[in-house]
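Comments concern the structure below.
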Amino acid sequence: MNKVFVVGIGPGGAEYLTGQARAALEASQVLCGYTLYVELIAPLYPGKETHTSGMRQELERCRWALETAQRGKTVALVCSGDSGIYGMASPLLILSPEYPEVAVEVVAGLTAANAGAAVLGAPLGHDFCVISLSDLLTPWETIEKRLRLAAQGEFALCLYNPGSRKRKDFLRTACEIVLAEGRAPDTLCGWVRNIGRPGETAKLLTLAELREEQVDMFTTVYIGNSTTQNVQGRMVTPRGYRT
């Protein structure tokens, strides 16, 4: 069958795979993706052909998957979290018109925003924005504008890609932007590292304290709004119900 499933595998643990994702992976002859993500799921499907590549080779992976499906194999192009949220569904679908004989099925997954929020409690209980701080594909000026407008809109924030070896000060800058837009220094925040994987860690802290934190690409950061509160050690943003 000339088909590519683009599959969100969640944070990485087998327990986070949806039933739809499991069915797609089982139906596929080839598992394709970033090396780390394929290594997370390949042991669950022994004997299947695999194709892996490194960071910044996303378009090449998409073309490889489409070309392999065009030759008659069923391919699962995997990505962490959800396939459509900072995932591979977008580039794959953009390229897919060049391969009209290949069918594409997008398979949803559990994104880091949801999985990390569950670890902390319910920080995204009301309106929120998800913003990536990586400027590899988005100009920093655009990221800064989105941060300012989200802070002005009183949204709770979930920040992806908050830091790396080359971007050590990006989280500090983001916190300063949010503070400058009126978010209080004692606003409850939190972060989760290695969500759903060995070594998972989490922390609650204030926005002022978050500004001083050192985080990496495996960390997801949450900044509460003015109603977010610590409820017995859990980060909770109320939905607005009145008692």
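FYI, nothing fancy with the structure tokens labels: chains A, B, ... in order, residues from 1 per chain, ligands from 1 as they appear.
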Item to check | Exercise: segment 38-44 of chain A partners within 10 Å, only C-alpha atoms, chain neighbours under 5 positions left out, as a ChimeraX atom specification | outcome: /A:9,11-14,17,22,25-26,31-33,49-53,77-80,197
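Neighbouring residues of Asp135 of chain A at 12 Å or closer, counting only C-alpha atoms and skipping chain neighbours under 4 positions away, are Ile131, Pro139, Trp140, Glu141, Thr142, Ile143, Glu144, Tyr160, Asn161, Pro162, Gly163, Ser164, Lys166, Arg167 and Phe170 of chain A.
These are the residues of segment 139-203 of chain A assigned alpha helix (DSSP H) by DSSP from backbone coordinates: Trp140, Glu141, Thr142, Ile143, Glu144, Lys145, Arg146, Leu147, Arg148, Leu149, Ala150, Ala151, Gln152, Phe170, Leu171, Arg172, Thr173, Ala174, Cys175, Glu176, Ile177, Val178, Leu179 and Ala180 of chain A.
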Could you take the residues named above and write them with N, CA, C and O atoms, as a short mmCIF file (atom, residue, chain, number, x, y, z; two decimals), in the first residue's frame?
```cif
data_model
loop_
_atom_site.label_atom_id
_atom_site.label_comp_id
_atom_site.auth_asym_id
_atom_site.auth_seq_id
_atom_site.Cartn_x
_atom_site.Cartn_y
_atom_site.Cartn_z
N TRP A 140 13.62 35.69 16.00
CA TRP A 140 13.39 36.05 17.39
C TRP A 140 12.41 37.22 17.52
O TRP A 140 11.63 37.28 18.48
N GLU A 141 12.41 38.12 16.56
CA GLU A 141 11.48 39.25 16.62
C GLU A 141 10.04 38.76 16.64
O GLU A 141 9.18 39.33 17.33
N THR A 142 9.74 37.70 15.90
CA THR A 142 8.40 37.13 15.88
C THR A 142 8.08 36.45 17.21
O THR A 142 6.97 36.60 17.74
N ILE A 143 9.05 35.72 17.75
CA ILE A 143 8.86 35.06 19.04
C ILE A 143 8.59 36.11 20.12
O ILE A 143 7.67 35.95 20.95
N GLU A 144 9.37 37.18 20.12
CA GLU A 144 9.20 38.22 21.13
C GLU A 144 7.81 38.86 21.02
O GLU A 144 7.16 39.12 22.04
N LYS A 145 7.35 39.12 19.80
CA LYS A 145 6.02 39.70 19.61
C LYS A 145 4.94 38.77 20.17
O LYS A 145 4.00 39.23 20.85
N ARG A 146 5.08 37.48 19.92
CA ARG A 146 4.09 36.52 20.41
C ARG A 146 4.09 36.46 21.93
O ARG A 146 3.03 36.37 22.57
N LEU A 147 5.28 36.52 22.53
CA LEU A 147 5.36 36.53 23.99
C LEU A 147 4.68 37.76 24.57
O LEU A 147 3.92 37.66 25.55
N ARG A 148 4.94 38.91 23.99
CA ARG A 148 4.35 40.15 24.50
C ARG A 148 2.83 40.12 24.41
O ARG A 148 2.11 40.46 25.36
N LEU A 149 2.31 39.71 23.26
CA LEU A 149 0.87 39.70 23.06
C LEU A 149 0.19 38.65 23.95
O LEU A 149 -0.89 38.89 24.49
N ALA A 150 0.84 37.49 24.12
CA ALA A 150 0.27 36.47 25.00
C ALA A 150 0.25 36.93 26.45
O ALA A 150 -0.71 36.68 27.19
N ALA A 151 1.31 37.63 26.86
CA ALA A 151 1.36 38.16 28.22
C ALA A 151 0.29 39.23 28.41
O ALA A 151 -0.41 39.26 29.44
N GLN A 152 0.12 40.10 27.43
CA GLN A 152 -0.91 41.12 27.51
C GLN A 152 -2.30 40.51 27.58
O GLN A 152 -3.20 41.05 28.23
N PHE A 170 17.74 32.57 26.56
CA PHE A 170 16.44 32.78 25.94
C PHE A 170 15.30 32.75 26.96
O PHE A 170 14.36 33.54 26.88
N LEU A 171 15.38 31.83 27.93
CA LEU A 171 14.31 31.77 28.93
C LEU A 171 14.34 33.03 29.79
O LEU A 171 13.29 33.59 30.12
N ARG A 172 15.52 33.48 30.19
CA ARG A 172 15.62 34.71 30.97
C ARG A 172 14.97 35.87 30.21
O ARG A 172 14.19 36.65 30.78
N THR A 173 15.29 35.98 28.93
CA THR A 173 14.72 37.06 28.13
C THR A 173 13.20 36.94 28.04
O THR A 173 12.48 37.95 28.15
N ALA A 174 12.71 35.72 27.86
CA ALA A 174 11.26 35.51 27.79
C ALA A 174 10.59 35.92 29.09
O ALA A 174 9.53 36.58 29.08
N CYS A 175 11.19 35.57 30.22
CA CYS A 175 10.63 35.94 31.52
C CYS A 175 10.63 37.47 31.69
O CYS A 175 9.66 38.04 32.20
N GLU A 176 11.69 38.11 31.25
CA GLU A 176 11.75 39.57 31.36
C GLU A 176 10.69 40.24 30.50
O GLU A 176 10.10 41.26 30.89
N ILE A 177 10.41 39.67 29.34
CA ILE A 177 9.35 40.20 28.48
C ILE A 177 8.00 40.09 29.17
O ILE A 177 7.20 41.04 29.20
N VAL A 178 7.73 38.91 29.73
CA VAL A 178 6.45 38.68 30.41
C VAL A 178 6.31 39.59 31.63
O VAL A 178 5.25 40.18 31.89
N LEU A 179 7.40 39.76 32.37
CA LEU A 179 7.39 40.67 33.52
C LEU A 179 7.13 42.11 33.08
O LEU A 179 6.38 42.85 33.72
N ALA A 180 7.74 42.51 31.98
CA ALA A 180 7.58 43.87 31.49
C ALA A 180 6.15 44.16 31.05
O ALA A 180 5.72 45.32 31.05
#
```
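Take atom CA of Val104 of chain A and atom CA of Gln29 of chain A: the distance between them is 14.8 Å.
Comparing the minimum interatomic distances between Ser226 of chain A and each of A:Met88, A:Val6, A:Cys189, A:Leu93, counting only C-alpha atoms, we find that A:Cys189 sits nearest.
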Checklist entry - How many Å separate atom CA of His126 of chain A from atom CA of Gly199 of chain A? => result 28.8 Å
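If only C-alpha atoms are the atoms counted, then among A:Lys3, A:Lys203, A:Arg234, A:Arg63 the closest residue to Val102 of chain A is A:Lys3.
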Item to check | All residues 10 Å or closer to Ala115 of chain A, only C-alpha atoms, same chain fewer than 5 positions away omitted, as a list in words | outcome: Gly10, Pro11, Tyr16, Gly81, Leu110, Leu120, Val192, Ile195, Gly196 and Thr220 of chain A
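Using only C-alpha atoms, the shortest contact distance between Thr111 of chain A and any of A:Asn194, A:Ser83, A:Thr227, A:Thr68 is found at A:Ser83.
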